[in-house]
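For reference, the structure is listed below as structure tokens.
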Amino acid sequence: MIRPQPSLNLNAAARRKSCLASRFGLIVGGLAACAGMLGREGAQTAEDASTSVSRLAGRVFDAARVRSIWREPRPVPIAIRDGAAEFEVPAHAGPTLVVVATLARGAGPKRVTLRARPTDLVRPPRLAADPPRHLPEVSAGEHPAVAARSLPTRPRADQETASESASRPFWILVQGDDPAHAGSYRRVEADRRAMGSGCEVYVDRDDAELVSDAAAGGLARTFDNAVDPLTRALLGADRLPRVDGGRFTILLTRRVRDARLGQGAVDGFVRAADFDANLAPPFGNRRDMLTLNSALPDGAYPRTLLAHEYAHAMLLMLKRDGRAGIGASRDEEGWLDEAIAHVVEDAHGYSRANLDHRVSAYLSRPERYPLVVEDYHAAGLFRSHGCRGATYLFLRWCVDRYGEGLPAALARSSLRGVANLEAATGSSFDDLFRRWSVALFMSGLEPGRKQADDFSTLNPRGPFDDWELAGPWFASVEPDDAGGAIAWTSQPTSVRYVVVEPSKSAGRGVSIAIASTADAGLQVTAVPLPASMSRLNLQARARVDANGRARCDIEINERGGTPIRLSSLAWEPLSPGADPAATRAAHGSLDVLGIARACGTSALPARGRLVGRNVELGKPPTTGPMILKVIGTDARGRRVAAWAEVEVEPQTRHAGPIASGGTPPA
């Protein structure tokens, strides 16, 4: 069943403080009443005393409430008024994480500004209203592991006769931008090379030498024995409406790379048109099917894609169940459809090769990537890997918080998108986003201090197969009397992380102001961070050597007064290209020993500095800058990181100054 979850509720504590203040007010009122018996002069004196006591009481209770609110690491939801928020952080606090989200959907990018200045006046912050809560409207059924054991057994393949011939044509959309034009499709002649109890594997006749019978048979067995039963269990699909009434079809062809599905090539896809019995060829294939790249080597990656694409297909079939009739569109919105497919794919455990670069891309610049995108094709974001990383991380957290039955609840609902998620979880989208965005930063920060809303099945600050995750990138701001400021542009339903340092003036707090447009859907959450937490800074300059290899000079500084043991220096393209293979070729890392060889040691002392020269990064990215990140652990086990965005300069160009890992251009 779906588990209801608590929200960030500080208003109850505020009400308790208000009650105590009222009791104190009774004492003050008693003083004033006594003064009435002392005559005019005595009354005036008592009135002055009463006023002074009232002011003192207000300051006392304000101070008490401030201390009760700003307790590390407790998130503080800040109220928004007319697209702006302002609050003060007390002098006793350490650095403050400010999580700034723009949640307006359907609107364009929004400009956001954050200013920080020292202050002597620290008031209790105005808190955001408690979010609405309701019980989930959809039951998720039993745990998938139990459901998987209760699935009906399919007849063996040798007990059935194939309803199709051993060869047949398929049509793939490969050219033009008009899917309604017959000339946009290519006919592919394919032969059936394997048949399982629940699937048939067809191979493009032109690719016959690329796929052995053993590989085709292995794919069919993987489908029958693992992918189909586990996906059914995860999505609660005890029965599926079939447009063709037969086995599920898997087509292997190199033509998948030519498919016109958006920007860039793909290695697999599912087309809704193929499931529509009313669409005749070439516009649809009238089959329940998916298509994979026949040129992929046999191994974990093709099976990962099989699990991902089959989740798309099953979700499509469930959404078009008999409640609406086959072909009646109840298709899930693009962002949630991809999120469900990624969570299902990950549950199979073949590999994370379809996820790692996407998750890392999102964490490197989260404000660039919208979470809620109804139609990736229409938005021009079909191959936006950062967007896909966002969807996976968001739904992965939701499943961690609300139970493994959540994907089934979403798949079996007639609702779509945000409305579907809110009904299944019993929480508003804004509340889910606030809690998730905080958990994304705080999870794994202090291993021995787990919070209720942390990720439980994923560490955003740990290894993710061969990729090193470092939590979300953040900017640092030093408060000053001029109002130290940063500004940036955020996409709809995206988030930016800013760490505001304490005031350098002894005994002074920090005033923080965030502003955007009134229609931005601004959401602000502040989180006090440990005062002793180390802060790293990374600077880098990169170039290409005579052999075409990228090399860089790096400088790493510790700014928090805490020594660090560096564990990894990793690099990758800032914006992964459409082809995952090219992204992998430009990705790499150094471990502890590699850092020690490059910098002389991996031990960074408090307020210390390490320099590395001519560090080889391998093949440079084909487009755009690189992102470098250095990761380390302090004496308390906190995992901290710093980033630097660098352009890879040609060898012939004069090397400029080392690029800072601070705030990049907005």
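In the structure tokens, chains take the letters A, B, ... in the order shown, each chain's residues start at 1, and ligands count up from 1 in the order shown.
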
Ser589 of chain A surroundings by only C-alpha atoms, 8 Å radius, close-in-sequence under 4 positions cut, as an MDAnalysis selection string:
chainID A and resid 568:571 617

Please save C-alpha atoms of the selected residues as a tab-separated table (two decimals), in the first residue's frame.
chain	number	residue	atom	x	y	z
A	568	SER	CA	37.92	11.15	-6.77
A	569	LEU	CA	38.48	13.63	-9.57
A	570	ALA	CA	35.93	12.99	-12.33
A	571	TRP	CA	35.12	14.65	-15.65
A	617	LEU	CA	41.52	13.66	-19.29

Quick one: residues within 9 Å of His92 of chain A, only C-alpha atoms counted, chain neighbours fewer than 6 positions away excluded, as a list of chain:residue names?
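Here the qualifying residues turn out to be A:Arg67, A:Pro502, A:Gly507, A:Arg508, A:Gly509.
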
Top pick for closest residue to Thr457 of chain A, considering A:Val477, A:Ala129, A:Val592, A:Val343 and counting only C-alpha atoms
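Result for the nearest residue to Thr457 of chain A: A:Val343.
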
I need the alpha helix (DSSP H) residues of segment 332-577 of chain A per DSSP on the backbone, written as a VMD selection string.
chain A and resid 334 to 348 356 to 364 376 to 379 385 to 402 406 to 411 417 to 425 429 to 442

Judged by only C-alpha atoms, the minimum distance to Asp82 of chain A among A:Thr622, A:Ser516, A:Ser505, A:Gln539 is found for A:Ser516

Proximity to Thr119 of chain A - best of A:Ala644, A:Leu604, A:Ala339, A:Phe87, only C-alpha atoms:
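Selected residue with least distance to Thr119 of chain A: A:Phe87.
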
In terms of the shortest atom-to-atom distance over only C-alpha atoms, which of A:Ala540, A:Phe223, A:Gly83, A:Ser503 is closest to Ala104 of chain A?
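The answer is A:Gly83, which sits nearest to Ala104 of chain A.
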
Just the number, please: distance in Å from atom CA of Leu296 of chain A to atom CA of Asp178 of chain A, one decimal.
28.6 Å

Tell me which protein, DNA and RNA residues are within 12 Å of Asp206 of chain A, counting only C-alpha atoms, leaving out same-chain ones fewer than 3 positions away, and put them as a count of residues only.
16

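Atom CA of Asn285 of chain A is positioned 19.8 Å from atom CA of Asp207 of chain A.
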
Length of the atom CA of Tyr497 of chain A to atom CA of Ala475 of chain A vector [Å]:
6.5 Å

Do a neighbour search on Glu478 of chain A at 10 Å with only C-alpha atoms, toss out local chain neighbours closer than 5 positions, and write the hits as a PyMOL selection string.
chain A and resi 95+115-118+483-485+499-504+510
